[in-house]
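Enquirer: Okay, handing you the structure first.
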Amino acid sequence: MTKNIWEEFAINAKDKMPLYKQIIHQVEGMVHDGRLKPGTRLPSERKMAKLLNVSRMTITLANEEMKARGMVRSHQGSGTFILRGPRAKEVERDLDLPVEFAYPTGEINQGMDEIMRHGENTHLINLAGVGTAPEVHPGIELSQCFSEHLRKNPILLQLPSPTQGYEPLRLEMISWLKKVKIEVKLNEIMIVSGAMQGLDLISRLFLKPGDYVVMEEPGFLGAADAFKATGAKILRITLDEEGIRLDSLENMLMQFPIKFIYVNPTYQNPTGVTMSLKRRKKLLELCSKYGVLIVEDDPFSLLYFEDKPAPPIKSLGSDNVIYIQSFSKYLYPGIRLAVLVANEGIIHNLSKVKQRVDLHSNNLTQIALHAYISEGNLENHIWKLKSAYLERLHLMKELLNEGPYIHCKLPEGGVFLWCKVPKEIPTDRLLEFAVKNGFTFVPGNWMSGVGMFENYIRLAYTHPSLEWLKKGIKLLHHTILEYKEYQF
Ligand SMILES: Cc1ncc(COP(=O)(O)O)c(C=O)c1O
């Protein structure tokens, strides 16, 4: 079938798109729809030029660009072969109905889908999604809280809960948040079904098509997806070692009617960077000056290894800040609970939005979490987690130094390593080799709004055992070498 496929190319000399780009475009399309399989040999440049009735230079240009993009590879003497297509842009699946989707699912980053899917594959060494360390799983104490309250509290469980959350848990949050220096009143607290829900509710309440939001570049892809789904435009600002750059921010604040600035200031996902106290104060000052909200996502700050990080921006005292702290990284991702703090008016309105989404977060989980925290278990558990993570981090440092091609920044806390590989290695291609070799990571450009950081990877080291980490990092070194050999 592939024998005559080149004759199906439709090149139009009158089209505005340059000829070599038309060729690339058609190769992409054919790889995506399965007509061109990886491993297929391209005709020689001379033959292809004749077949398509274009100059040989056009074919050379097309081949060079496809090589640079990792779509094809050349072996001296044996020709040029299809490696694979670009990452398929997800398209809305067709409905077999005479209606259209209003929600732009095709715009949403597929990365999150892949991270979630790989989580289920227990044969893969998962350096992509963040899980907690299995050896310090809160299982015994937490399961007691669940089973006891399932038995003890039937009435409570049989009735709906307030949308803002189970009141004893919200009360408990008043003292829990003091650990991060946040002073808060009951009506400024709501419980949401994970930080992701918090971000979604905030997006639904504040954003409409055409609005502007600012976030870090690179930054948390889940947040970008939530903002994008509303039709808002995301402006990106790079980070330096003190966090998001404020010189660029002030320029943007002057030019655009920005609704809010989303930051993950402590052990940022994916870079691990922590915003300095000075920068936090200045950010707050700028946002107050321009009347812009800050959405502060803080899922990692209790996971510090030595010194405590700077306190949350919310603790610096402002009604302008909406603060979210997830329990996913302190307990396990499936707990699906987070606490959201904002001024009373915002909480009131967010509760109305939440009512439309899930009425209230799972009440048994809220009741169990309340019991677990009030008995002091969560605090002890976090200490155990930190020592497990520090041991993993030391090991990672040793292992990563064993190969020549990967350079990582060691974080002072949190759950990620942000690493650079040689610039000729696009890491979303490397990921395919990785999955074939039995491990996963997150390619840097998935976290970018502008296709940058192609030669970066994010490694989450918190879940695999020490044994698996050793195996995983060995495989990573091996995979980089394999990719380099394959390409050249
Ligand atoms: C910065 C950040 N915010 C939010 C989340 C999602 O948290 P949750 O599991 O509570 O929805 C993650 C998950 O990795 C994250 O890294």
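All residue names refer to the structure tokens as shown: chains lettered A, B, ... in order, residues numbered from 1 in each chain, ligands numbered from 1 in order.
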Residues at most 10 Å from Asp200 (chain A), counting only C-alpha atoms, excluding those fewer than 2 positions away in the same chain, as a VMD selection string?
Expert: chain A and resid 195 to 198 202 to 205 222 to 223 225 to 227 229 to 230 353 to 354 357
Enquirer: For ligand 1, return the neighbouring residues as a VMD selection string (distance at most 8 Å; only C-alpha atoms and all ligand atoms).
Expert: chain A and resid 129 to 130 193 to 198 219 to 220 222 to 223 264 268 to 270 297 to 300 325 to 329 333 to 338
Enquirer: Mind checking which residues fall within 9 Å of Ala368 (chain A), counting only C-alpha atoms, ignoring those fewer than 6 positions away in the same chain, and posting them as a list in words?
Expert: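 What passes the distance filter is Leu142, Ser143, Gln144, Cys145, Phe146, Ser147, Glu148, His149 and Leu150 of chain A.
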Enquirer: For the residues in the current selection, export N, CA and C atoms as a CSV table (one decimal), in the first residue's frame.
Expert:
chain,number,residue,atom,x,y,z
A,142,LEU,N,-5.2,6.0,58.6
A,142,LEU,CA,-6.2,6.6,57.8
A,142,LEU,C,-7.4,5.7,57.6
A,143,SER,N,-7.1,4.4,57.4
A,143,SER,CA,-8.2,3.5,57.1
A,143,SER,C,-9.0,3.3,58.4
A,144,GLN,N,-8.3,3.4,59.5
A,144,GLN,CA,-9.1,3.4,60.8
A,144,GLN,C,-10.1,4.5,60.8
A,145,CYS,N,-9.6,5.7,60.4
A,145,CYS,CA,-10.5,6.9,60.4
A,145,CYS,C,-11.7,6.6,59.5
A,146,PHE,N,-11.4,6.1,58.3
A,146,PHE,CA,-12.5,5.8,57.4
A,146,PHE,C,-13.5,4.8,57.9
A,147,SER,N,-13.0,3.7,58.4
A,147,SER,CA,-13.9,2.6,58.7
A,147,SER,C,-14.7,3.0,60.0
A,148,GLU,N,-14.0,3.6,61.0
A,148,GLU,CA,-14.7,4.0,62.2
A,148,GLU,C,-15.8,5.0,61.9
A,149,HIS,N,-15.6,5.9,61.0
A,149,HIS,CA,-16.6,6.9,60.7
A,149,HIS,C,-17.7,6.4,59.8
A,150,LEU,N,-17.3,5.4,59.0
A,150,LEU,CA,-18.4,4.8,58.1
A,150,LEU,C,-19.4,4.1,59.0
Enquirer: Check the DSSP output for the backbone and give back, as a ChimeraX atom specification, the residues of region 386-474 of chain A in strand (DSSP E or B).
Expert: /A:407-409,413,416-420,439-440,442-443,456-460
Enquirer: Calculate how many Å separate CA of Val184 (chain A) from CA of Ala342 (chain A), rounding to one decimal.
Expert: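 Computing the Euclidean distance for CA of Val184 (chain A) and CA of Ala342 (chain A) yields 8.8 Å.
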Enquirer: Which residues of region 91-173 of chain A come within 8 Å of region 360-365 of chain A, and what is each one's closest atom pair and distance in Å (one decimal), counting only C-alpha atoms, sorted by chain and residue number, as a Markdown table?
Expert:
| residue | atom | partner | partner_atom | distance |
| --- | --- | --- | --- | --- |
| A:Phe146 | CA | A:Leu364 | CA | 6.9 |
| A:His149 | CA | A:Leu364 | CA | 7.3 |
| A:Leu150 | CA | A:Leu364 | CA | 7.0 |
| A:Leu157 | CA | A:Leu364 | CA | 6.6 |
| A:Pro160 | CA | A:His360 | CA | 7.8 |
| A:Ser161 | CA | A:His360 | CA | 6.3 |
| A:Pro162 | CA | A:His360 | CA | 6.5 |
| A:Thr163 | CA | A:His360 | CA | 4.4 |
| A:Gln164 | CA | A:His360 | CA | 7.1 |
| A:Gly165 | CA | A:His360 | CA | 6.7 |
| A:Tyr166 | CA | A:Asn363 | CA | 7.0 |
Enquirer: Would you kindly return, as a PDB file with C-alpha atoms, in the first residue's frame, each protein, DNA or RNA residue with an atom no farther than 9 Å from any atom of Arg458 (chain A), considering only C-alpha atoms and excluding same-chain residues fewer than 6 positions away?
Expert:
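Now in part-v9.pdb:
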ATOM      1  CA  LEU A 127       8.973   9.337  37.067  1.00  0.00           C
ATOM      2  CA  ALA A 128       6.160  11.391  35.542  1.00  0.00           C
ATOM      3  CA  ASN A 269       6.017  22.647  39.288  1.00  0.00           C
ATOM      4  CA  PRO A 270       8.091  21.883  37.186  1.00  0.00           C
ATOM      5  CA  THR A 271      11.283  23.845  37.948  1.00  0.00           C
ATOM      6  CA  PHE A 416      10.349  17.452  41.218  1.00  0.00           C
ATOM      7  CA  LEU A 417      13.739  17.537  39.563  1.00  0.00           C
ATOM      8  CA  TRP A 418      14.026  19.774  36.517  1.00  0.00           C
ATOM      9  CA  CYS A 419      16.696  18.493  34.170  1.00  0.00           C
ATOM     10  CA  PHE A 441       8.851  11.282  32.709  1.00  0.00           C
ATOM     11  CA  VAL A 442       7.249  14.570  31.662  1.00  0.00           C
ATOM     12  CA  PRO A 443       8.801  16.330  28.650  1.00  0.00           C
ATOM     13  CA  GLY A 444       9.583  20.002  29.345  1.00  0.00           C
TER      14      GLY A 444
END
Enquirer: So which residues touch region 59-76 of chain A within 9 Å, counting only C-alpha atoms, skipping near sequence neighbours fewer than 5 positions away, as a compact mmCIF listing (two decimals) with C-alpha atoms, in the first residue's frame?
Expert:
# COMPACT_ATOMS: atom_id res chain seq x y z
CA LEU A 19 6.20 23.81 -1.23
CA TYR A 20 8.56 22.17 1.24
CA LYS A 21 6.06 22.89 4.05
CA GLN A 22 3.25 21.38 2.01
CA ILE A 23 5.30 18.20 1.76
CA ILE A 24 5.92 18.10 5.51
CA VAL A 27 3.75 13.48 5.55
CA GLU A 28 2.40 14.49 8.98
CA PRO A 38 7.17 4.30 11.13
CA GLY A 39 10.09 2.63 9.37
CA LEU A 42 11.24 7.77 1.72
CA GLU A 45 15.52 13.06 -3.11
CA ARG A 46 15.91 12.85 -6.88
CA MET A 48 10.79 12.34 -4.90
CA ALA A 49 11.48 15.63 -6.72
CA VAL A 54 9.32 20.09 -7.59
CA PHE A 81 12.96 6.68 7.11
CA ILE A 82 9.79 7.75 8.87
CA LEU A 83 10.52 7.84 12.58
CA ARG A 84 7.05 8.89 13.68
CA GLY A 85 4.68 11.79 13.30
CA PRO A 86 4.54 14.84 15.53
CA GLU A 424 19.34 18.05 19.88
CA ILE A 425 17.13 15.76 21.96
CA PRO A 426 13.45 16.72 21.85
CA ARG A 429 10.34 12.05 21.29
CA TYR A 486 19.26 6.38 16.54
CA GLN A 487 19.18 9.96 15.36
CA PHE A 488 22.63 10.31 13.89
Enquirer: Can you measure CA of His137 (chain A) to CA of Ile182 (chain A) for me? One decimal in Å is fine.
Expert: 27.3 Å
Enquirer: For region 281-290 of chain A, find every residue with an atom within 12 Å (counting only C-alpha atoms), except residues of its own chain fewer than 6 positions away, and show them as a count of residues only.
Expert: 39
